[in-house]
Structure formats: structure tokens, C-alpha cells
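Q: Data: target.cif, mmCIF, C-alpha atoms.
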data_start
#
loop_
_atom_site.label_atom_id
_atom_site.label_comp_id
_atom_site.auth_asym_id
_atom_site.auth_seq_id
_atom_site.Cartn_x
_atom_site.Cartn_y
_atom_site.Cartn_z
CA MET A 1 94.61 79.96 63.87
CA THR A 2 92.64 80.01 60.59
CA LEU A 3 93.68 83.61 60.01
CA LEU A 4 97.34 82.70 60.48
CA MET A 5 97.01 79.80 58.05
CA ASP A 6 95.33 82.08 55.50
CA ASP A 7 98.14 84.62 55.90
CA GLU A 8 100.76 81.92 55.41
CA SER A 9 98.97 80.60 52.32
CA THR A 10 98.83 84.13 50.86
CA ILE A 11 102.54 84.63 51.49
CA GLN A 12 103.39 81.33 49.82
CA LYS A 13 101.24 82.17 46.79
CA ASN A 14 102.92 85.57 46.50
CA ILE A 15 106.33 83.92 46.58
CA ALA A 16 105.24 81.37 43.97
CA ASP A 17 103.95 84.17 41.73
CA LYS A 18 107.24 86.00 42.19
CA LEU A 19 109.21 82.89 41.19
CA VAL A 20 107.10 82.43 38.05
CA GLU A 21 107.66 86.07 37.13
CA ALA A 22 111.39 85.68 37.79
CA LEU A 23 111.55 82.87 35.23
CA LYS A 24 110.12 85.26 32.64
CA THR A 25 112.18 88.33 33.50
CA GLY A 26 115.69 87.11 34.35
CA GLY A 27 115.20 86.84 38.09
CA PHE A 28 117.56 83.87 38.31
CA VAL A 29 121.35 83.87 37.99
CA LEU A 30 123.87 81.18 37.12
CA TYR A 31 126.92 80.25 39.16
CA ALA A 32 129.64 77.78 38.26
CA GLN A 33 131.90 75.67 40.48
CA ARG A 34 135.07 74.28 38.97
CA ILE A 35 135.57 70.52 38.68
CA GLN A 36 139.31 69.84 38.45
CA ARG A 37 140.81 67.00 36.45
CA LEU A 38 143.37 65.24 38.65
CA ALA A 39 145.45 63.51 35.99
CA ALA A 40 147.47 65.47 33.46
CA ALA A 41 145.47 65.39 30.25
CA GLY A 42 146.96 67.87 27.83
CA LYS A 43 144.37 70.33 26.53
CA GLU A 44 141.26 68.72 28.02
CA ARG A 45 138.48 71.30 28.28
CA ALA A 46 137.44 72.92 31.52
CA PHE A 47 134.68 71.23 33.52
CA GLN A 48 132.26 73.00 35.88
CA GLU A 49 129.01 72.38 37.71
CA ILE A 50 126.28 74.89 36.99
CA LEU A 51 124.29 76.17 39.97
CA VAL A 52 121.23 78.41 39.85
CA ARG A 53 120.16 81.01 42.38
CA PHE A 54 117.13 83.22 42.71
CA ARG A 55 118.38 86.81 42.31
CA GLU A 56 116.47 87.91 45.40
CA GLU A 57 118.46 85.42 47.47
CA GLU A 58 121.63 87.09 46.27
CA GLU A 59 120.44 90.65 46.86
CA LYS A 60 119.03 89.96 50.31
CA LEU A 61 121.94 87.68 51.28
CA LEU A 62 119.65 84.73 51.92
CA PRO A 63 121.15 81.22 52.08
CA PRO A 64 121.38 79.49 48.67
CA GLY A 65 118.37 77.29 48.02
CA THR A 66 116.00 79.17 50.31
CA PHE A 67 113.29 79.10 47.64
CA PHE A 68 114.06 75.62 46.30
CA PRO A 69 111.34 73.86 48.35
CA MET A 70 108.79 76.34 46.99
CA LEU A 71 109.92 75.68 43.42
CA GLU A 72 109.53 71.97 44.08
CA GLU A 73 106.13 72.30 45.75
CA TYR A 74 104.67 74.31 42.88
CA ARG A 75 106.19 72.02 40.22
CA LEU A 76 108.31 74.84 38.82
CA LEU A 77 111.64 72.98 38.68
CA PRO A 78 111.19 71.80 35.05
CA TYR A 79 110.83 75.44 34.04
CA VAL A 80 113.98 76.32 35.98
CA ASP A 81 115.88 73.47 34.32
CA ARG A 82 114.78 74.68 30.89
CA TRP A 83 115.85 78.20 31.80
CA VAL A 84 119.30 76.92 32.80
CA VAL A 85 119.75 75.16 29.45
CA SER A 86 118.57 78.24 27.55
CA ARG A 87 120.63 80.76 29.56
CA LEU A 88 123.76 78.62 29.51
CA SER A 89 123.48 78.20 25.74
CA SER A 90 123.16 81.97 25.35
CA TRP A 91 126.14 82.59 27.65
CA ILE A 92 128.27 80.23 25.56
CA GLN A 93 127.26 82.00 22.34
CA GLU A 94 127.96 85.41 23.88
CA THR A 95 131.37 84.36 25.18
CA ARG A 96 132.34 82.77 21.87
CA ALA A 97 131.52 86.03 20.10
CA GLN A 98 133.71 87.98 22.52
CA LYS A 99 136.68 85.58 22.75
CA SER A 100 138.10 84.18 19.55
CA GLY A 101 139.21 80.57 19.94
CA TRP A 102 137.60 80.20 23.36
CA ALA A 103 137.16 76.53 24.33
CA VAL A 104 133.60 75.79 25.44
CA PRO A 105 133.67 74.14 28.88
CA ALA A 106 131.84 70.96 29.86
CA ASN A 107 128.93 71.82 32.15
CA GLY A 108 127.31 69.69 34.81
CA VAL A 109 123.61 70.60 34.89
CA ASN A 110 121.38 69.23 37.63
CA LEU A 111 118.02 67.79 36.63
CA SER A 112 115.04 67.60 38.94
CA GLU A 113 112.86 64.54 39.31
CA ASP A 114 109.97 66.41 37.69
CA THR A 115 112.11 67.31 34.68
CA LEU A 116 113.07 63.68 34.18
CA ARG A 117 109.36 62.92 33.78
CA GLU A 118 108.83 65.79 31.34
CA PRO A 119 108.45 64.21 27.86
CA LYS A 120 109.49 67.21 25.76
CA PHE A 121 112.62 68.19 27.69
CA ALA A 122 114.98 66.18 25.48
CA ASP A 123 113.63 67.87 22.34
CA PHE A 124 114.10 71.25 24.02
CA VAL A 125 117.76 70.48 24.82
CA ALA A 126 118.52 69.06 21.38
CA LYS A 127 117.09 72.19 19.75
CA HIS A 128 119.34 74.46 21.84
CA ILE A 129 122.41 72.35 21.10
CA LYS A 130 121.73 72.56 17.38
CA ASN A 131 120.82 76.25 17.30
CA ALA A 132 123.84 77.29 19.37
CA GLY A 133 126.22 74.89 17.59
CA LEU A 134 127.39 73.45 20.91
CA PRO A 135 130.23 70.92 20.81
CA GLU A 136 129.87 67.38 22.09
CA GLY A 137 129.97 67.12 25.88
CA THR A 138 128.80 70.67 26.57
CA PHE A 139 125.98 69.37 28.76
CA SER A 140 126.45 66.65 31.35
CA PHE A 141 123.10 66.16 33.06
CA GLU A 142 123.34 65.19 36.71
CA LEU A 143 120.85 63.19 38.75
CA GLY A 144 120.90 61.99 42.32
CA TRP A 145 121.35 58.24 42.74
CA ASP A 146 117.95 57.68 44.37
CA THR A 147 116.16 59.65 41.65
CA ALA A 148 117.95 57.67 38.94
CA LEU A 149 116.91 54.37 40.54
CA LEU A 150 113.31 55.47 40.97
CA HIS A 151 113.04 56.57 37.35
CA SER A 152 115.52 54.24 35.65
CA ASP A 153 113.31 53.61 32.62
CA ARG A 154 112.77 57.32 32.03
CA LEU A 155 116.49 57.96 32.49
CA LYS A 156 117.33 55.36 29.84
CA ASP A 157 114.82 56.99 27.49
CA ILE A 158 116.31 60.46 27.90
CA GLN A 159 119.83 59.05 27.52
CA ALA A 160 118.80 57.40 24.24
CA GLN A 161 117.47 60.75 23.02
CA LEU A 162 120.29 63.01 24.17
CA LYS A 163 123.49 60.98 23.96
CA PRO A 164 123.41 61.14 20.14
CA ALA A 165 123.23 64.94 20.56
CA GLY A 166 126.50 64.84 22.52
CA CYS A 167 125.12 64.97 26.06
CA ARG A 168 126.71 63.15 28.97
CA PHE A 169 125.13 61.89 32.19
CA THR A 170 126.34 61.95 35.79
CA LEU A 171 124.93 60.07 38.77
CA ALA A 172 125.67 61.66 42.15
CA GLY A 173 125.83 59.99 45.55
CA PHE A 174 127.25 56.65 44.31
CA ASP A 175 128.03 54.44 47.33
CA GLY A 176 130.04 51.69 45.63
CA SER A 177 127.99 48.79 47.01
CA ASP A 178 127.63 45.54 45.07
CA ALA A 179 123.99 46.37 44.34
CA SER A 180 124.91 49.82 43.06
CA PHE A 181 127.44 48.37 40.63
CA LYS A 182 124.76 46.07 39.26
CA MET A 183 122.61 49.15 38.61
CA LEU A 184 125.51 50.95 36.93
CA LYS A 185 125.44 48.28 34.24
CA VAL A 186 121.80 49.18 33.61
CA LEU A 187 122.03 52.97 33.95
CA LYS A 188 125.36 53.40 32.09
CA PRO A 189 126.34 56.93 33.15
CA ASP A 190 129.44 58.67 31.83
CA PHE A 191 130.42 59.90 35.31
CA VAL A 192 129.66 59.02 38.91
CA LYS A 193 130.10 61.33 41.85
CA LEU A 194 131.41 59.29 44.75
CA ALA A 195 129.38 59.59 47.95
CA TYR A 196 131.03 61.77 50.60
CA GLY A 197 131.39 58.78 52.93
CA ILE A 198 133.69 57.04 50.44
CA VAL A 199 136.31 59.77 50.30
CA LYS A 200 136.12 61.71 53.57
CA ASP A 201 138.65 59.54 55.46
CA ILE A 202 140.95 58.41 52.64
CA ASN A 203 143.86 60.50 53.95
CA ARG A 204 143.53 59.17 57.51
CA ALA A 205 142.64 55.48 57.22
CA LEU A 206 144.27 52.88 54.99
CA ALA A 207 141.07 50.82 54.80
CA ALA A 208 139.12 53.86 53.58
CA SER A 209 141.75 54.60 50.93
CA GLU A 210 141.81 50.99 49.73
CA LYS A 211 138.01 50.87 49.53
CA ALA A 212 137.89 54.09 47.51
CA GLU A 213 140.64 52.83 45.21
CA SER A 214 138.79 49.55 44.61
CA ILE A 215 135.53 51.38 43.79
CA ASN A 216 137.40 53.74 41.48
CA GLN A 217 139.06 50.85 39.62
CA LYS A 218 135.73 49.06 39.15
CA CYS A 219 134.20 52.22 37.70
CA HIS A 220 137.13 52.62 35.30
CA ALA A 221 136.77 49.01 34.20
CA MET A 222 133.20 49.87 33.17
CA GLY A 223 134.33 52.95 31.26
CA ILE A 224 132.91 55.35 33.86
CA ARG A 225 134.88 58.35 35.11
CA THR A 226 134.82 59.32 38.77
CA ILE A 227 134.32 62.65 40.55
CA ALA A 228 134.97 63.25 44.26
CA GLU A 229 132.79 65.98 45.80
CA TYR A 230 133.20 68.11 48.94
CA VAL A 231 137.00 68.01 48.76
CA GLU A 232 138.11 70.53 51.36
CA SER A 233 141.73 69.69 52.19
CA ARG A 234 145.00 69.38 50.32
CA GLU A 235 145.62 66.00 51.97
CA VAL A 236 142.40 64.48 50.63
CA LEU A 237 143.10 65.96 47.20
CA GLU A 238 146.58 64.42 47.08
CA GLN A 239 145.23 61.01 48.10
CA LEU A 240 142.57 61.18 45.40
CA GLN A 241 145.34 61.77 42.87
CA LEU A 242 147.29 58.78 44.19
CA ILE A 243 144.36 56.39 43.78
CA GLU A 244 143.63 57.88 40.33
CA VAL A 245 140.17 59.37 40.84
CA ASP A 246 139.50 61.39 37.69
CA PHE A 247 138.06 64.66 39.02
CA ALA A 248 137.64 66.58 42.27
CA GLN A 249 135.23 69.31 43.31
CA GLY A 250 135.05 71.29 46.54
CA LEU A 251 136.27 74.32 48.45
CA ILE A 252 139.95 73.42 47.99
CA ILE A 253 139.34 73.53 44.22
CA GLY A 254 137.17 76.62 44.11
CA THR A 255 133.96 78.16 45.39
CA PRO A 256 130.94 78.88 43.16
CA GLN A 257 131.44 82.00 41.05
CA ARG A 258 128.84 84.17 39.30
CA LEU A 259 128.59 83.12 35.66
CA ALA A 260 125.63 84.82 34.00
#
Represent the structure from my file as C-alpha cells, please.

A:
Amino acid sequence: MTLLMDDESTIQKNIADKLVEALKTGGFVLYAQRIQRLAAAGKERAFQEILVRFREEEEKLLPPGTFFPMLEEYRLLPYVDRWVVSRLSSWIQETRAQKSGWAVPANGVNLSEDTLREPKFADFVAKHIKNAGLPEGTFSFELGWDTALLHSDRLKDIQAQLKPAGCRFTLAGFDGSDASFKMLKVLKPDFVKLAYGIVKDINRALAASEKAESINQKCHAMGIRTIAEYVESREVLEQLQLIEVDFAQGLIIGTPQRLA
């Protein structure tokens, strides 16, 4: 039994070492999934969520996120989040150089709990925005609802540092409860991603549609735009448009595509 545990520990350390090396040598790749605006809005810029994969997952056809628990266990996620900001900034600069007049998209970038606690992350982001000459709204940093609640003070600090640099903030998994709306007044995000349970039945049940519409209206009254995730049917998409949800994301909109 001890031998097996030692073998497992050695394997985990080898994987951790490989992940650290990958951060230094381009072993991660970026994907983007389109977020579609549902209301006609003239020339509003494209919006996409940025996803990161370990290149070895891609080459060996492993499920996305296979190594995520290892990154979390070894406290490597802040380094991954920094890499995403750096690589995305470089991709934007490269694309601008190749395409005259190209409109820089808005990018949803997920932040880990460990990154939220990292005191120098905001300075790192601001430096990349300045050096790359990125327009306002290029980065929209996304946090899960529970993480945002747990670290609300730190979230407010990082918002105070990065909103003047043109960054936006998204809270995912918003359930629309009375308590959650009270917290929205404190957290003041630019976007909320509606929890799957809010939108999954809006095309089949009037009560579900009315509830989603009420939540959406309350968010709008607070100046917060709404995003529906996991939209997988044309019927749900059409109902979201009817109740004036701002954005939709899911398989019916588009699957993640290799970016850089």
C-alpha cells in the first residue's frame, strides 16, 4: 500500500512539474466561445468567453479540465490566469497588426479564487492594458457567485483598481433570490450570468418565463446586463429574446474554438 501511495505521489509531482514547465514554454492554448447579443445594437463589438486548455489534453484527446484539479491543488491557477492575460494581450496585438481596422472583442476571463487573493494581479493587468493599448472593456473578469461572496472585500478592492483601467466584472451562477439582489448592490458587477435553473424551462413553463423576466428587469434597473448560459435550443433562445435578456451563450450560439 505504501509503495502504491509513493508511486501516486511521484506521478502527481511529475504532472505538477510538467504543468509548471508548460506555463513557461507555451504548453497551454486559448479557446474562445462566442457570447451573442440578443438585441440589435448597431456596431457593438463582439463578446467571447476565453477558455484555457493544457496542450497535452488537446493532443491526447483528454476531456477539458482534466488537469484543473492539479493546478488548483498546487496553487498554480494564479500563474495560469496571468498567462491568459498576457497571451490574450499578445494575440490582440498580433491580430491588430494583421488586420487593419479590426475591432478588438470584449473578452470574459475567468479568475480563480487564489488569483482574487493575489495582491499584485491588478497591477499586472493594468500594465498589460497600457502596454498593449487595449480599449475599454477588453477584459471582463468573471467570478463564480460563491467565490465573490466569500471574498467580497477583495473583489471590491480589485474592482476599484481595475475599473478605472477599463475592466468589467461578471458574476456567474446568479440565482435571482432576494438575498442575492441585496449582494448585487454591494458587489456591483457589470454583468451577471443567470443560473441554469432560471432559464432552462422558460420555453416550456409560463411561471419559469415570468420569473426569469422579473429577475432580468430587476438587473436592468440596477444597470446590470444579463447573460444566459448553456443555451442549447432555438426555442430557449427565442424566449430569451422575448424577455429581453441581453446576451446568450451555449451550443446553439457556438462551440469553443481555438484562438491562440

Q: Restricting the calculation to all atoms listed in the file: of A:Leu71, A:Ile198, A:Val104, A:Ala126, which residue gets closest to Phe47 of chain A?

A: A:Val104

Q: Would you work out the distance separating atom CA of Leu23 of chain A from atom CA of Met70 of chain A, expressed in Å to one decimal?

A: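 Atom-to-atom, atom CA of Leu23 of chain A and atom CA of Met70 of chain A are spaced 13.7 Å apart.
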
Q: Identify all residues satisfying the PyMOL selection byres ((chain A and resi 143) around 7) in the given file; provide them as a PyMOL selection string.

A: chain A and resi 110-111+141-142+144-145+147-148+170-172

Q: When distances are computed from all atoms listed in the file, which of A:Val192, A:Leu155, A:Val199, A:Ala97 shows the smallest separation from Lys211 of chain A?

A: A:Val199

Q: Which residue out of A:Glu136, A:Glu232, A:Glu113, A:Asp81 has the minimum interatomic distance to Lys200 of chain A when all atoms listed in the file are used?

A: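 Nearest to Lys200 of chain A: A:Glu232.
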
Q: Could you tell me which of A:Cys167, A:Val236, A:Ala46, A:Leu134 comes closest to Ile202 of chain A if we count all atoms listed in the file?

A: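 Of all the options, A:Val236 lies closest to Ile202 of chain A.
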
Q: The PyMOL selection byres ((chain A and resi 210) around 12) on the file shown: which residues, as a ChimeraX atom specification?

A: /A:198-199,201-209,211-217,239-240,242-244

Q: Between atom CA of Ala132 of chain A and atom CA of Pro105 of chain A, measure the distance and give it in Å to one decimal.

A: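 Interatomic distance here is 14.0 Å.
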
Q: Nearest to Ile50 of chain A among A:Phe191, A:Phe181, A:Phe169, A:Phe139, with distances taken over all atoms listed in the file: which residue is it?

A: A:Phe139

Q: Please report the interatomic distance between atom CA of Val125 of chain A and atom CA of Trp83 of chain A in Å with one decimal.

A: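 These atoms are spaced 10.6 Å apart.
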
Q: So that I can see what lies close to Ser180 of chain A, please list as a list of chain:residue names the residues with an atom at most 10 Å from it, counting only C-alpha atoms and leaving out residues fewer than 6 positions away in the same chain.

A: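 In the requested format, the answer is A:Trp145, A:Leu149, A:Phe174, A:Val186.
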
Q: Which residue out of A:Gln36, A:Ser177, A:Thr138, A:Ser100 has the minimum interatomic distance to Ala248 of chain A when all atoms listed in the file are used?

A: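 Closest to Ala248 of chain A of all the choices is A:Gln36.
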
Q: At a cut-off of 10 Å, using all atoms listed in the file, what residues contact Pro119 of chain A? Leave out same-chain residues fewer than 4 positions from it and give the result as an MDAnalysis selection string.

A: chainID A and resid 115 123:124 154 157:158

Q: Near Glu229 of chain A, counting all atoms listed in the file, which residues have an atom at most 9 Å away, once you skip same-chain residues fewer than 3 positions from it, shown as a PyMOL selection string?

A: chain A and resi 35+193-196+199+232+247-250

Q: Quick one: what's the axis-aligned box for segment 78-96 of chain A, all listed atoms, 8 Å on every side, centre and edges in Å to one decimal, as AutoDock Vina command-line options?

A:
--center_x 121.6 --center_y 78.6 --center_z 28.9 --size_x 37.5 --size_y 29.6 --size_z 30.1

Q: May I have the residues within 12 Å of Trp102 of chain A as number ranges by chain, using only C-alpha atoms and disregarding those fewer than 6 positions away in the same chain?

A: A: 45-46, 92-96

Q: Check which residues satisfy the PyMOL selection byres ((chain A and resi 72-80) around 10) in the file shown, then give them as a ChimeraX atom specification.

A: /A:12-13,16-17,19-20,22-24,28,52,67-71,81-86,111-118,121

Q: Mind writing segment 20-42 of chain A to a file for me, with N, CA and C atoms, as a PDB file, in the first residue's frame?

A:
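Output file result.pdb is given in full below:
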ATOM      1  N   VAL A  20       4.010  23.296 -14.574  1.00  0.00           N
ATOM      2  CA  VAL A  20       4.851  24.484 -14.355  1.00  0.00           C
ATOM      3  C   VAL A  20       5.685  24.759 -15.603  1.00  0.00           C
ATOM      4  N   GLU A  21       6.266  23.722 -16.174  1.00  0.00           N
ATOM      5  CA  GLU A  21       7.061  23.887 -17.388  1.00  0.00           C
ATOM      6  C   GLU A  21       6.195  24.387 -18.550  1.00  0.00           C
ATOM      7  N   ALA A  22       4.960  23.908 -18.609  1.00  0.00           N
ATOM      8  CA  ALA A  22       4.054  24.314 -19.683  1.00  0.00           C
ATOM      9  C   ALA A  22       3.750  25.808 -19.615  1.00  0.00           C
ATOM     10  N   LEU A  23       3.675  26.342 -18.407  1.00  0.00           N
ATOM     11  CA  LEU A  23       3.438  27.776 -18.244  1.00  0.00           C
ATOM     12  C   LEU A  23       4.600  28.591 -18.809  1.00  0.00           C
ATOM     13  N   LYS A  24       5.795  28.019 -18.771  1.00  0.00           N
ATOM     14  CA  LYS A  24       6.980  28.731 -19.236  1.00  0.00           C
ATOM     15  C   LYS A  24       7.202  28.571 -20.741  1.00  0.00           C
ATOM     16  N   THR A  25       6.665  27.506 -21.312  1.00  0.00           N
ATOM     17  CA  THR A  25       7.046  27.147 -22.684  1.00  0.00           C
ATOM     18  C   THR A  25       5.864  27.100 -23.657  1.00  0.00           C
ATOM     19  N   GLY A  26       4.727  27.679 -23.296  1.00  0.00           N
ATOM     20  CA  GLY A  26       3.604  27.696 -24.231  1.00  0.00           C
ATOM     21  C   GLY A  26       2.839  26.393 -24.289  1.00  0.00           C
ATOM     22  N   GLY A  27       2.782  25.689 -23.178  1.00  0.00           N
ATOM     23  CA  GLY A  27       2.076  24.419 -23.150  1.00  0.00           C
ATOM     24  C   GLY A  27       0.584  24.538 -22.938  1.00  0.00           C
ATOM     25  N   PHE A  28       0.081  25.757 -22.870  1.00  0.00           N
ATOM     26  CA  PHE A  28      -1.360  25.990 -22.759  1.00  0.00           C
ATOM     27  C   PHE A  28      -1.858  26.677 -24.030  1.00  0.00           C
ATOM     28  N   VAL A  29      -3.127  26.493 -24.331  1.00  0.00           N
ATOM     29  CA  VAL A  29      -3.729  27.121 -25.509  1.00  0.00           C
ATOM     30  C   VAL A  29      -5.037  27.797 -25.111  1.00  0.00           C
ATOM     31  N   LEU A  30      -5.381  28.847 -25.844  1.00  0.00           N
ATOM     32  CA  LEU A  30      -6.615  29.583 -25.593  1.00  0.00           C
ATOM     33  C   LEU A  30      -7.704  29.157 -26.564  1.00  0.00           C
ATOM     34  N   TYR A  31      -8.913  29.050 -26.018  1.00  0.00           N
ATOM     35  CA  TYR A  31     -10.114  28.859 -26.825  1.00  0.00           C
ATOM     36  C   TYR A  31     -11.058  30.023 -26.526  1.00  0.00           C
ATOM     37  N   ALA A  32     -11.990  30.259 -27.422  1.00  0.00           N
ATOM     38  CA  ALA A  32     -12.987  31.303 -27.204  1.00  0.00           C
ATOM     39  C   ALA A  32     -14.361  30.772 -27.578  1.00  0.00           C
ATOM     40  N   GLN A  33     -15.351  31.082 -26.746  1.00  0.00           N
ATOM     41  CA  GLN A  33     -16.740  30.733 -27.047  1.00  0.00           C
ATOM     42  C   GLN A  33     -17.547  32.011 -27.166  1.00  0.00           C
ATOM     43  N   ARG A  34     -18.241  32.148 -28.262  1.00  0.00           N
ATOM     44  CA  ARG A  34     -18.992  33.361 -28.568  1.00  0.00           C
ATOM     45  C   ARG A  34     -20.119  33.595 -27.572  1.00  0.00           C
ATOM     46  N   ILE A  35     -20.298  34.862 -27.190  1.00  0.00           N
ATOM     47  CA  ILE A  35     -21.435  35.300 -26.389  1.00  0.00           C
ATOM     48  C   ILE A  35     -22.236  36.261 -27.270  1.00  0.00           C
ATOM     49  N   GLN A  36     -23.428  35.884 -27.632  1.00  0.00           N
ATOM     50  CA  GLN A  36     -24.218  36.630 -28.623  1.00  0.00           C
ATOM     51  C   GLN A  36     -25.126  37.668 -27.962  1.00  0.00           C
ATOM     52  N   ARG A  37     -25.061  38.883 -28.485  1.00  0.00           N
ATOM     53  CA  ARG A  37     -26.000  39.913 -28.034  1.00  0.00           C
ATOM     54  C   ARG A  37     -27.353  39.638 -28.661  1.00  0.00           C
ATOM     55  N   LEU A  38     -28.417  39.676 -27.857  1.00  0.00           N
ATOM     56  CA  LEU A  38     -29.739  39.286 -28.336  1.00  0.00           C
ATOM     57  C   LEU A  38     -30.530  40.446 -28.915  1.00  0.00           C
ATOM     58  N   ALA A  39     -30.244  41.659 -28.466  1.00  0.00           N
ATOM     59  CA  ALA A  39     -30.947  42.817 -29.013  1.00  0.00           C
ATOM     60  C   ALA A  39     -30.076  43.460 -30.086  1.00  0.00           C
ATOM     61  N   ALA A  40     -30.717  43.974 -31.122  1.00  0.00           N
ATOM     62  CA  ALA A  40     -29.980  44.678 -32.171  1.00  0.00           C
ATOM     63  C   ALA A  40     -29.286  45.889 -31.549  1.00  0.00           C
ATOM     64  N   ALA A  41     -27.987  46.017 -31.816  1.00  0.00           N
ATOM     65  CA  ALA A  41     -27.243  47.090 -31.156  1.00  0.00           C
ATOM     66  C   ALA A  41     -26.212  47.728 -32.079  1.00  0.00           C
ATOM     67  N   GLY A  42     -26.558  47.819 -33.351  1.00  0.00           N
ATOM     68  CA  GLY A  42     -25.670  48.508 -34.271  1.00  0.00           C
ATOM     69  C   GLY A  42     -24.322  47.826 -34.372  1.00  0.00           C
TER      70      GLY A  42
END
